[in-house]
$ cat input32.pdb   # PDB, C-alpha atoms
ATOM      1  CA  MET A   1     111.703 104.228  99.053
ATOM      2  CA  ARG A   2     110.827 100.697  98.049
ATOM      3  CA  LEU A   3     108.087  98.428  99.402
ATOM      4  CA  GLU A   4     107.370  94.807  98.559
ATOM      5  CA  GLY A   5     104.467  92.671  99.623
ATOM      6  CA  THR A   6     102.437  89.620  98.729
ATOM      7  CA  ILE A   7      98.721  89.022  98.905
ATOM      8  CA  ALA A   8      97.286  85.524  99.047
ATOM      9  CA  HIS A   9      93.732  84.360  98.628
ATOM     10  CA  PRO A  10      92.871  81.709 101.227
ATOM     11  CA  SER A  11      89.215  81.263 100.217
ATOM     12  CA  ARG A  12      87.808  78.824  97.663
ATOM     13  CA  ALA A  13      86.042  81.505  95.618
ATOM     14  CA  GLU A  14      87.686  84.036  93.288
ATOM     15  CA  CYS A  15      88.207  87.574  94.615
ATOM     16  CA  GLU A  16      89.131  90.910  93.090
ATOM     17  CA  TYR A  17      91.653  93.488  94.259
ATOM     18  CA  SER A  18      92.641  97.028  93.375
ATOM     19  CA  VAL A  19      95.965  98.813  93.840
ATOM     20  CA  VAL A  20      95.481 102.398  95.030
ATOM     21  CA  ILE A  21      98.217 105.005  95.492
ATOM     22  CA  ALA A  22      97.454 108.061  97.651
ATOM     23  CA  ILE A  23      99.799 111.013  98.207
ATOM     24  CA  THR A  24      99.317 113.480 101.062
ATOM     25  CA  ASN A  25     101.269 116.562 102.125
ATOM     26  CA  GLU A  26     102.676 117.293 105.599
ATOM     27  CA  GLN A  27      99.303 118.648 106.745
ATOM     28  CA  GLY A  28      97.584 115.393 105.786
ATOM     29  CA  GLU A  29      95.806 116.942 102.795
ATOM     30  CA  LYS A  30      95.333 114.579  99.873
ATOM     31  CA  ILE A  31      97.329 115.724  96.834
ATOM     32  CA  ALA A  32      96.572 112.784  94.559
ATOM     33  CA  ARG A  33      94.849 109.395  94.521
ATOM     34  CA  HIS A  34      95.076 106.949  91.636
ATOM     35  CA  VAL A  35      93.933 103.404  91.001
ATOM     36  CA  VAL A  36      96.951 101.941  89.236
ATOM     37  CA  GLY A  37      95.778  98.378  88.766
ATOM     38  CA  VAL A  38      92.993  95.907  89.306
ATOM     39  CA  GLY A  39      92.991  92.154  89.121
ATOM     40  CA  ALA A  40      91.607  88.882  90.379
ATOM     41  CA  LEU A  41      92.940  86.065  92.509
ATOM     42  CA  SER A  42      91.877  82.464  92.174
ATOM     43  CA  ALA A  43      91.718  80.175  95.196
ATOM     44  CA  GLY A  44      95.213  79.584  96.593
ATOM     45  CA  GLU A  45      96.836  82.095  94.215
ATOM     46  CA  ARG A  46      99.409  84.708  95.327
ATOM     47  CA  HIS A  47     100.473  87.982  93.710
ATOM     48  CA  LYS A  48     103.614  89.922  94.635
ATOM     49  CA  PHE A  49     103.693  93.724  94.408
ATOM     50  CA  THR A  50     106.659  96.096  94.362
ATOM     51  CA  PHE A  51     106.276  99.863  94.789
ATOM     52  CA  SER A  52     109.047 102.422  94.573
ATOM     53  CA  VAL A  53     109.418 106.181  94.750
ATOM     54  CA  ASP A  54     112.420 107.766  93.035
ATOM     55  CA  VAL A  55     113.526 111.295  93.945
ATOM     56  CA  VAL A  56     115.680 113.198  91.417
ATOM     57  CA  PRO A  57     116.880 116.805  91.273
ATOM     58  CA  ALA A  58     114.475 119.196  89.563
ATOM     59  CA  ARG A  59     115.578 120.644  86.229
ATOM     60  CA  PRO A  60     115.826 124.432  85.987
ATOM     61  CA  PRO A  61     113.103 126.023  83.808
ATOM     62  CA  GLY A  62     113.979 126.011  80.118
ATOM     63  CA  LYS A  63     116.395 123.045  80.343
ATOM     64  CA  ARG A  64     114.095 120.228  79.258
TER      65      ARG A  64
END
$ encode --input "input32.pdb" --output "structure tokens"
Amino acid sequence: MRLEGTIAHPSRAECEYSVVIAITNEQGEKIARHVVGVGALSAGERHKFTFSVDVVPARPPGKR
């Protein structure tokens, strides 16, 4: 899975943002939640974000 997006700050004052990743199971129970980044945007500034999830086969125990 790969997602891309851009945020833009239309106001004249600086603002702050945080990037939060949350993972839930099929029942909707939260498994994990992490703040992975914080930052600031100046007036008229844009930031582009790319998120990806890679799925790979699990290694058998003892083969690391």
$ resolve_selection --input "input32.pdb" --expression "the PyMOL selection byres ((chain A and resi 53) around 12)" --output "list in words"
Met1, Arg2, Leu3, Ile21, Ile23, Thr50, Phe51, Ser52, Asp54, Val55 and Val56 of chain A
$ residues_around --input "input32.pdb" --residues "A:Ala13" --least-positions-apart "5" --cutoff "12 Å" --atoms "all atoms listed in the file" --output "PDB file with C-alpha atoms, in the coordinates of the input"
ATOM      1  CA  ALA A  40      91.607  88.882  90.379  1.00  0.00           C
ATOM      2  CA  LEU A  41      92.940  86.065  92.509  1.00  0.00           C
ATOM      3  CA  SER A  42      91.877  82.464  92.174  1.00  0.00           C
ATOM      4  CA  ALA A  43      91.718  80.175  95.196  1.00  0.00           C
ATOM      5  CA  GLY A  44      95.213  79.584  96.593  1.00  0.00           C
ATOM      6  CA  GLU A  45      96.836  82.095  94.215  1.00  0.00           C
TER       7      GLU A  45
END
$ resolve_selection --input "input32.pdb" --expression "the PyMOL selection byres ((chain A and resi 39) around 12)" --output "list of chain:residue names"
A:Ile7, A:Glu14, A:Cys15, A:Glu16, A:Tyr17, A:Ser18, A:Val19, A:Val35, A:Val36, A:Gly37, A:Val38, A:Ala40, A:Leu41, A:Ser42, A:Glu45, A:Arg46, A:His47
$ closest_residue --input "input32.pdb" --among "A:Glu4, A:Val20, A:Gly62, A:Lys48" --to "A:Ala32" --atoms "all atoms listed in the file"
A:Val20
$ axis_aligned_box --input "input32.pdb" --around "stretch 50-59 of chain A" --padding-each-side "6 Å" --output "JSON"
{"center_x": 111.6, "center_y": 108.4, "center_z": 90.5, "size_x": 22.6, "size_y": 36.5, "size_z": 20.6}
$ atom_distance --input "input32.pdb" --atom1 "atom CA of A:Phe49" --atom2 "atom CA of A:Arg33"
18.0 Å
$ atom_distance --input "input32.pdb" --atom1 "atom CA of A:Thr24" --atom2 "atom CA of A:Pro61"
25.4 Å
$ atom_distance --input "input32.pdb" --atom1 "atom CA of A:Glu26" --atom2 "atom CA of A:Pro60"
24.7 Å
$ decode --input "input32.pdb" --residues "stretch 14-41 of chain A" --atoms "C-alpha atoms" --output "PDB file, in the first residue's frame"
ATOM      1  CA  GLU A  14       2.580  29.787  11.128  1.00  0.00           C
ATOM      2  CA  CYS A  15       0.945  26.485  12.115  1.00  0.00           C
ATOM      3  CA  GLU A  16       2.176  23.167  13.452  1.00  0.00           C
ATOM      4  CA  TYR A  17       1.302  19.645  12.358  1.00  0.00           C
ATOM      5  CA  SER A  18       1.903  16.115  13.570  1.00  0.00           C
ATOM      6  CA  VAL A  19       2.005  12.856  11.614  1.00  0.00           C
ATOM      7  CA  VAL A  20       0.256  10.039  13.485  1.00  0.00           C
ATOM      8  CA  ILE A  21       0.107   6.385  12.425  1.00  0.00           C
ATOM      9  CA  ALA A  22      -2.568   4.156  13.994  1.00  0.00           C
ATOM     10  CA  ILE A  23      -2.946   0.411  13.402  1.00  0.00           C
ATOM     11  CA  THR A  24      -6.143  -1.466  14.254  1.00  0.00           C
ATOM     12  CA  ASN A  25      -7.121  -5.123  13.911  1.00  0.00           C
ATOM     13  CA  GLU A  26     -10.227  -6.506  12.171  1.00  0.00           C
ATOM     14  CA  GLN A  27     -12.317  -5.915  15.303  1.00  0.00           C
ATOM     15  CA  GLY A  28     -11.360  -2.235  15.340  1.00  0.00           C
ATOM     16  CA  GLU A  29      -9.118  -2.608  18.397  1.00  0.00           C
ATOM     17  CA  LYS A  30      -6.098  -0.322  18.398  1.00  0.00           C
ATOM     18  CA  ILE A  31      -2.857  -2.315  18.171  1.00  0.00           C
ATOM     19  CA  ALA A  32      -0.448   0.607  17.939  1.00  0.00           C
ATOM     20  CA  ARG A  33      -0.360   4.398  17.658  1.00  0.00           C
ATOM     21  CA  HIS A  34       2.802   6.390  17.035  1.00  0.00           C
ATOM     22  CA  VAL A  35       3.624  10.017  16.365  1.00  0.00           C
ATOM     23  CA  VAL A  36       6.239   9.709  13.640  1.00  0.00           C
ATOM     24  CA  GLY A  37       6.898  13.365  12.940  1.00  0.00           C
ATOM     25  CA  VAL A  38       6.053  16.920  13.834  1.00  0.00           C
ATOM     26  CA  GLY A  39       6.743  20.127  12.000  1.00  0.00           C
ATOM     27  CA  ALA A  40       5.650  23.632  11.146  1.00  0.00           C
ATOM     28  CA  LEU A  41       4.304  25.326   8.053  1.00  0.00           C
TER      29      LEU A  41
END
